[in-house]
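Undergrad: Handing over start.csv, CSV, C-alpha atoms.
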chain,number,residue,atom,x,y,z
H,1,MET,CA,-10.4,-3.8,10.8
H,2,SER,CA,-9.7,-1.0,13.3
H,3,VAL,CA,-8.5,1.2,10.4
H,4,GLN,CA,-11.9,0.7,8.7
H,5,ALA,CA,-13.8,1.3,11.9
H,6,THR,CA,-11.8,4.5,12.4
H,7,SER,CA,-12.8,5.7,8.9
H,8,VAL,CA,-16.5,5.2,9.7
H,9,SER,CA,-16.2,7.0,13.0
H,10,GLU,CA,-14.7,10.0,11.2
H,11,HIS,CA,-18.0,10.5,9.4
H,12,PRO,CA,-20.6,11.4,12.2
H,13,ALA,CA,-23.4,11.8,9.6
H,14,LEU,CA,-23.2,8.1,9.1
H,15,ALA,CA,-23.8,7.4,12.8
H,16,THR,CA,-27.2,9.1,12.6
H,17,TRP,CA,-28.3,6.4,10.2
H,18,HIS,CA,-27.0,3.4,12.2
H,19,GLY,CA,-30.4,2.8,14.0
H,20,PRO,CA,-32.7,3.0,10.9
H,21,LEU,CA,-30.3,0.9,8.8
H,22,LEU,CA,-29.9,-1.7,11.5
H,23,ARG,CA,-33.7,-2.0,12.0
H,24,PHE,CA,-34.1,-2.5,8.3
H,25,ALA,CA,-31.3,-5.0,8.1
H,26,ARG,CA,-32.7,-7.0,11.1
H,27,LEU,CA,-36.0,-7.3,9.3
H,28,HIS,CA,-34.3,-9.5,6.7
H,29,LEU,CA,-31.2,-10.9,8.4
H,30,SER,CA,-30.7,-12.9,11.5
H,31,PRO,CA,-28.9,-13.4,13.8
H,32,LEU,CA,-28.2,-9.8,14.9
H,33,GLU,CA,-24.6,-10.1,14.0
H,34,GLU,CA,-25.4,-10.7,10.3
H,35,ALA,CA,-27.5,-7.6,10.2
H,36,GLU,CA,-24.8,-5.6,12.0
H,37,ASP,CA,-22.2,-6.9,9.4
H,38,ALA,CA,-24.5,-5.7,6.5
H,39,VAL,CA,-24.8,-2.3,8.1
H,40,GLN,CA,-21.0,-2.1,8.7
H,41,GLU,CA,-20.4,-3.1,5.0
H,42,THR,CA,-22.8,-0.4,4.0
H,43,PHE,CA,-20.9,2.3,6.0
H,44,LEU,CA,-17.5,1.1,4.6
H,45,ALA,CA,-18.8,1.2,1.0
H,46,ALA,CA,-20.2,4.7,1.6
H,47,VAL,CA,-17.0,5.9,3.1
H,48,SER,CA,-14.8,4.4,0.4
H,49,ALA,CA,-17.0,5.7,-2.4
H,50,GLU,CA,-17.3,9.4,-1.2
H,51,SER,CA,-20.0,10.0,-3.7
H,52,PRO,CA,-21.6,13.4,-4.1
H,53,GLU,CA,-24.9,11.5,-4.1
H,54,HIS,CA,-24.2,10.7,-0.5
H,55,ALA,CA,-24.1,14.3,0.5
H,56,ALA,CA,-27.2,15.2,-1.5
H,57,ASN,CA,-29.4,12.5,-0.1
H,58,PRO,CA,-27.7,10.3,2.5
H,59,ARG,CA,-30.8,8.3,3.4
H,60,ALA,CA,-31.4,7.2,-0.2
H,61,TYR,CA,-27.7,6.6,-0.8
H,62,LEU,CA,-27.1,4.5,2.4
H,63,PHE,CA,-30.4,2.5,2.0
H,64,GLY,CA,-29.5,1.8,-1.6
H,65,ILE,CA,-26.2,0.3,-0.6
H,66,LEU,CA,-27.8,-1.7,2.2
H,67,LYS,CA,-30.5,-3.0,-0.1
H,68,HIS,CA,-27.8,-4.6,-2.3
H,69,LYS,CA,-26.0,-6.0,0.7
H,70,ILE,CA,-29.1,-7.6,2.0
H,71,THR,CA,-30.2,-8.9,-1.3
H,72,ASP,CA,-26.9,-10.6,-1.9
H,73,ARG,CA,-27.0,-12.2,1.6
H,74,LEU,CA,-30.6,-13.4,1.1
H,75,ARG,CA,-29.8,-14.9,-2.2
H,76,ARG,CA,-26.9,-16.8,-0.7
H,77,ARG,CA,-28.9,-17.9,2.3
H,78,TYR,CA,-32.0,-19.1,0.4
H,79,LYS,CA,-29.9,-20.9,-2.2
H,80,ALA,CA,-28.4,-22.8,0.6
H,81,GLY,CA,-31.9,-23.9,1.7
H,82,ALA,CA,-32.7,-21.8,4.7
H,83,GLU,CA,-36.4,-21.9,5.7
H,84,VAL,CA,-38.8,-19.0,6.1
H,85,LEU,CA,-41.0,-19.3,9.1
H,86,PRO,CA,-44.7,-19.2,8.4
H,87,ASP,CA,-46.8,-16.5,10.0
H,88,ASP,CA,-50.2,-16.7,11.7
H,89,PRO,CA,-53.3,-15.7,9.6
H,90,ASP,CA,-54.5,-12.2,10.5
H,91,GLU,CA,-58.0,-10.7,10.5
H,92,LEU,CA,-57.3,-7.3,9.2
H,93,ASP,CA,-60.4,-7.2,6.9
H,94,ALA,CA,-62.6,-6.8,10.0
H,95,LEU,CA,-60.5,-3.8,11.1
H,96,LEU,CA,-60.6,-2.1,7.7
H,97,PHE,CA,-63.9,-3.0,6.1
H,98,ASP,CA,-67.5,-3.3,7.1
H,99,GLY,CA,-69.7,-6.4,6.3
H,100,ARG,CA,-70.4,-5.1,2.7
H,101,GLY,CA,-66.7,-4.6,1.9
H,102,HIS,CA,-66.7,-0.8,2.3
H,103,TRP,CA,-64.0,1.1,4.2
H,104,LEU,CA,-64.8,1.7,7.8
H,105,PRO,CA,-64.9,5.3,8.9
H,106,GLY,CA,-61.5,6.8,9.6
H,107,VAL,CA,-59.6,4.4,7.5
H,108,ALA,CA,-60.5,5.4,3.9
H,109,VAL,CA,-57.7,6.6,1.7
H,110,ASN,CA,-59.4,10.0,1.1
H,111,ARG,CA,-58.5,11.0,4.7
H,112,TRP,CA,-54.8,10.8,3.9
H,113,ALA,CA,-53.5,14.3,3.6
H,114,ASP,CA,-50.7,15.0,1.2
H,115,PRO,CA,-48.8,11.8,0.4
H,116,VAL,CA,-46.1,13.6,-1.6
H,117,ALA,CA,-45.3,15.9,1.3
H,118,SER,CA,-45.3,12.9,3.7
H,119,LEU,CA,-42.7,11.1,1.6
H,120,GLU,CA,-40.3,14.0,2.1
H,121,SER,CA,-40.6,13.9,5.8
H,122,ASP,CA,-38.0,11.9,7.9
H,123,GLN,CA,-40.7,11.6,10.6
H,124,PHE,CA,-42.9,9.8,8.1
H,125,PHE,CA,-40.2,7.3,7.4
H,126,GLN,CA,-39.8,6.7,11.1
H,127,VAL,CA,-43.5,5.9,11.4
H,128,VAL,CA,-43.3,3.6,8.3
H,129,ASP,CA,-40.3,1.9,9.9
H,130,ALA,CA,-42.2,1.3,13.1
H,131,CYS,CA,-45.2,0.0,11.1
H,132,VAL,CA,-43.1,-2.4,9.1
H,133,SER,CA,-41.4,-3.7,12.2
H,134,ARG,CA,-44.9,-4.6,13.6
H,135,LEU,CA,-45.7,-6.9,10.6
H,136,PRO,CA,-45.3,-10.6,11.0
H,137,LEU,CA,-41.8,-11.6,10.0
H,138,LYS,CA,-42.7,-13.5,6.8
H,139,VAL,CA,-45.1,-10.7,5.6
H,140,ALA,CA,-42.5,-8.0,6.5
H,141,ARG,CA,-39.8,-9.8,4.5
H,142,VAL,CA,-42.0,-10.2,1.4
H,143,PHE,CA,-43.2,-6.6,1.5
H,144,SER,CA,-39.8,-5.1,2.0
H,145,MET,CA,-38.1,-7.3,-0.6
H,146,LYS,CA,-40.8,-6.1,-3.1
H,147,GLU,CA,-41.2,-2.5,-2.1
H,148,LEU,CA,-38.0,-1.5,-0.4
H,149,LEU,CA,-35.4,-3.8,-2.1
H,150,GLU,CA,-37.3,-3.5,-5.4
H,151,CYS,CA,-37.3,-7.2,-6.3
H,152,ASP,CA,-39.9,-8.4,-8.7
H,153,ALA,CA,-42.5,-11.0,-7.6
H,154,SER,CA,-40.8,-13.9,-9.2
H,155,GLU,CA,-37.5,-13.0,-7.5
H,156,VAL,CA,-39.2,-12.7,-4.1
H,157,CYS,CA,-40.8,-16.1,-4.6
H,158,SER,CA,-37.7,-17.9,-5.7
H,159,THR,CA,-35.5,-16.3,-3.0
H,160,LEU,CA,-38.0,-17.1,-0.2
H,161,GLY,CA,-39.1,-20.4,-1.6
H,162,MET,CA,-42.8,-19.5,-1.8
H,163,THR,CA,-45.6,-19.8,-4.3
H,164,GLN,CA,-47.2,-16.8,-6.2
H,165,ALA,CA,-50.4,-17.3,-4.2
H,166,ASP,CA,-48.4,-17.0,-0.9
H,167,TYR,CA,-46.6,-14.0,-2.2
H,168,TRP,CA,-49.8,-12.1,-3.2
H,169,GLN,CA,-51.4,-13.0,0.2
H,170,CYS,CA,-48.4,-11.6,2.0
H,171,MET,CA,-48.4,-8.4,0.0
H,172,SER,CA,-52.2,-8.0,0.6
H,173,ARG,CA,-51.8,-8.5,4.3
H,174,ALA,CA,-48.8,-6.1,4.4
H,175,ARG,CA,-50.5,-3.4,2.6
H,176,LYS,CA,-53.6,-3.7,4.7
H,177,GLN,CA,-51.7,-3.7,7.9
H,178,LEU,CA,-49.5,-0.8,6.8
H,179,GLN,CA,-52.5,1.2,5.7
H,180,LEU,CA,-54.1,0.7,9.1
H,181,CYS,CA,-51.0,1.5,11.0
H,182,LEU,CA,-50.3,4.6,9.0
H,183,SER,CA,-53.9,5.7,9.2
H,184,GLN,CA,-53.7,5.5,13.0
H,185,ARG,CA,-50.1,6.8,13.5
H,186,TRP,CA,-49.5,9.3,10.8
H,187,PHE,CA,-52.5,10.4,8.7
H,188,ASP,CA,-55.1,10.5,11.5
H,189,GLY,CA,-56.3,14.1,11.8
H,190,ARG,CA,-54.0,15.4,9.1
H,191,SER,CA,-56.5,15.7,6.3
H,192,SER,CA,-58.4,18.8,5.7
Could you show the structure in this file as structure tokens?
TA:
Amino acid sequence: MSVQATSVSEHPALATWHGPLLRFARLHLSPLEEAEDAVQETFLAAVSAESPEHAANPRAYLFGILKHKITDRLRRRYKAGAEVLPDDPDELDALLFDGRGHWLPGVAVNRWADPVASLESDQFFQVVDACVSRLPLKVARVFSMKELLECDASEVCSTLGMTQADYWQCMSRARKQLQLCLSQRWFDGRSS
């Protein structure tokens, strides 16, 4: 194991991604040791592959490897019958919409500046990471499996042992909470 650890330490660029990868892994995996193992496996796979894709876009490359590591672990875990803890109901509608169902001032999508430019910014992904980490655990797992791990709805439901109705409720809550969080922490004041 020390030979492998030395290989990872010889690639300082990988060390810059340890924090974001670990936060993402902890969203799906517990205890902490399991998340750390998934990140270590990601680094080892990246070092052993030495792909040109890694140099061109290390974020996408490393998160792509980690997504597969997490998905494999989740499939094994939920096939073994692990439970997902339910989350408390939230009241985001009151924070986003008025009594008639219209967007409240300052939250509407048209205030969002340039979404394409935002997606290219590492700072934007740091804010997204912070917003996702504030979601209730169940909602965060459902959202990130669908949007970040790119699982389809039926796979998310079967992996987490939930109904389609629960899935759609979690996705709706996640999107509303992320929209509110991003409106406040990223897009506020950035529109023209």
Undergrad: If you measure from CA of Val47 (chain H) to CA of Arg141 (chain H), what distance in Å do you get, rounded to one decimal?
TA: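 Taking CA of Val47 (chain H) as the start and CA of Arg141 (chain H) as the end point, the length is 27.7 Å.
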Undergrad: Can you measure CA of Arg73 (chain H) to CA of Leu29 (chain H) for me? One decimal in Å is fine.
TA: 8.1 Å
Undergrad: If we count only C-alpha atoms, what is near Leu149 (chain H) at a cut-off of 8 Å, once residues fewer than 2 positions away on the same chain are taken out, given as a PDB file with C-alpha atoms, in the coordinates of the input?
TA:
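Output file around-v3.pdb follows:
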ATOM      1  CA  LYS H  67     -30.500  -3.000  -0.100  1.00  0.00           C
ATOM      2  CA  HIS H  68     -27.800  -4.600  -2.300  1.00  0.00           C
ATOM      3  CA  THR H  71     -30.200  -8.900  -1.300  1.00  0.00           C
ATOM      4  CA  SER H 144     -39.800  -5.100   2.000  1.00  0.00           C
ATOM      5  CA  MET H 145     -38.100  -7.300  -0.600  1.00  0.00           C
ATOM      6  CA  LYS H 146     -40.800  -6.100  -3.100  1.00  0.00           C
ATOM      7  CA  GLU H 147     -41.200  -2.500  -2.100  1.00  0.00           C
ATOM      8  CA  CYS H 151     -37.300  -7.200  -6.300  1.00  0.00           C
TER       9      CYS H 151
END
Undergrad: For CA of Pro20 (chain H) and CA of Lys69 (chain H), quote the distance in Å rounded to one decimal.
TA: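 About the pair CA of Pro20 (chain H) and CA of Lys69 (chain H): they are 15.2 Å apart.
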Undergrad: Measuring atom to atom with only C-alpha atoms, identify which of H:Asp166, H:Glu150, H:Glu41, H:Glu36 is nearest to Phe24 (chain H).
TA: H:Glu36
Undergrad: Which residue, H:Arg26, H:Leu62, H:Ala56, H:Ser133, has the smallest gap to Thr42 (chain H) when you use only C-alpha atoms?
TA: H:Leu62
Undergrad: For Ala35 (chain H), which of H:Cys181, H:Ala49, H:Leu66, H:Val139 is the closest residue, counting all atoms listed in the file?
TA: H:Leu66
Undergrad: Which is closest to Leu135 (chain H) among H:Arg75, H:Leu27, H:Gln169, H:Gln164, if we use only C-alpha atoms?
TA: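 Residue with the minimum atom-to-atom distance to Leu135 (chain H): H:Leu27.
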Undergrad: Between H:Leu21, H:Phe187, H:Thr159, H:Asp152, which residue has the minimum interatomic distance to Gly64 (chain H), considering all atoms listed in the file?
TA: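 Closest to Gly64 (chain H) of all the choices is H:Leu21.
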Undergrad: Given 3 Å on each side, where is the centre and what are the edge lengths in Å to one decimal of the axis-aligned box enclosing the listed atoms of region 19-36 of chain H, as lines of an AutoDock Vina configuration file?
TA:
center_x = -30.3
center_y = -5.2
center_z = 10.8
size_x = 17.4
size_y = 22.4
size_z = 14.2
Undergrad: Could you pull the residues within 12 Å of Ala174 (chain H), counting only C-alpha atoms, minus those fewer than 3 positions along the same chain, as a PyMOL selection string?
TA: chain H and resi 87+89-93+128+131-147+167-171+177-182
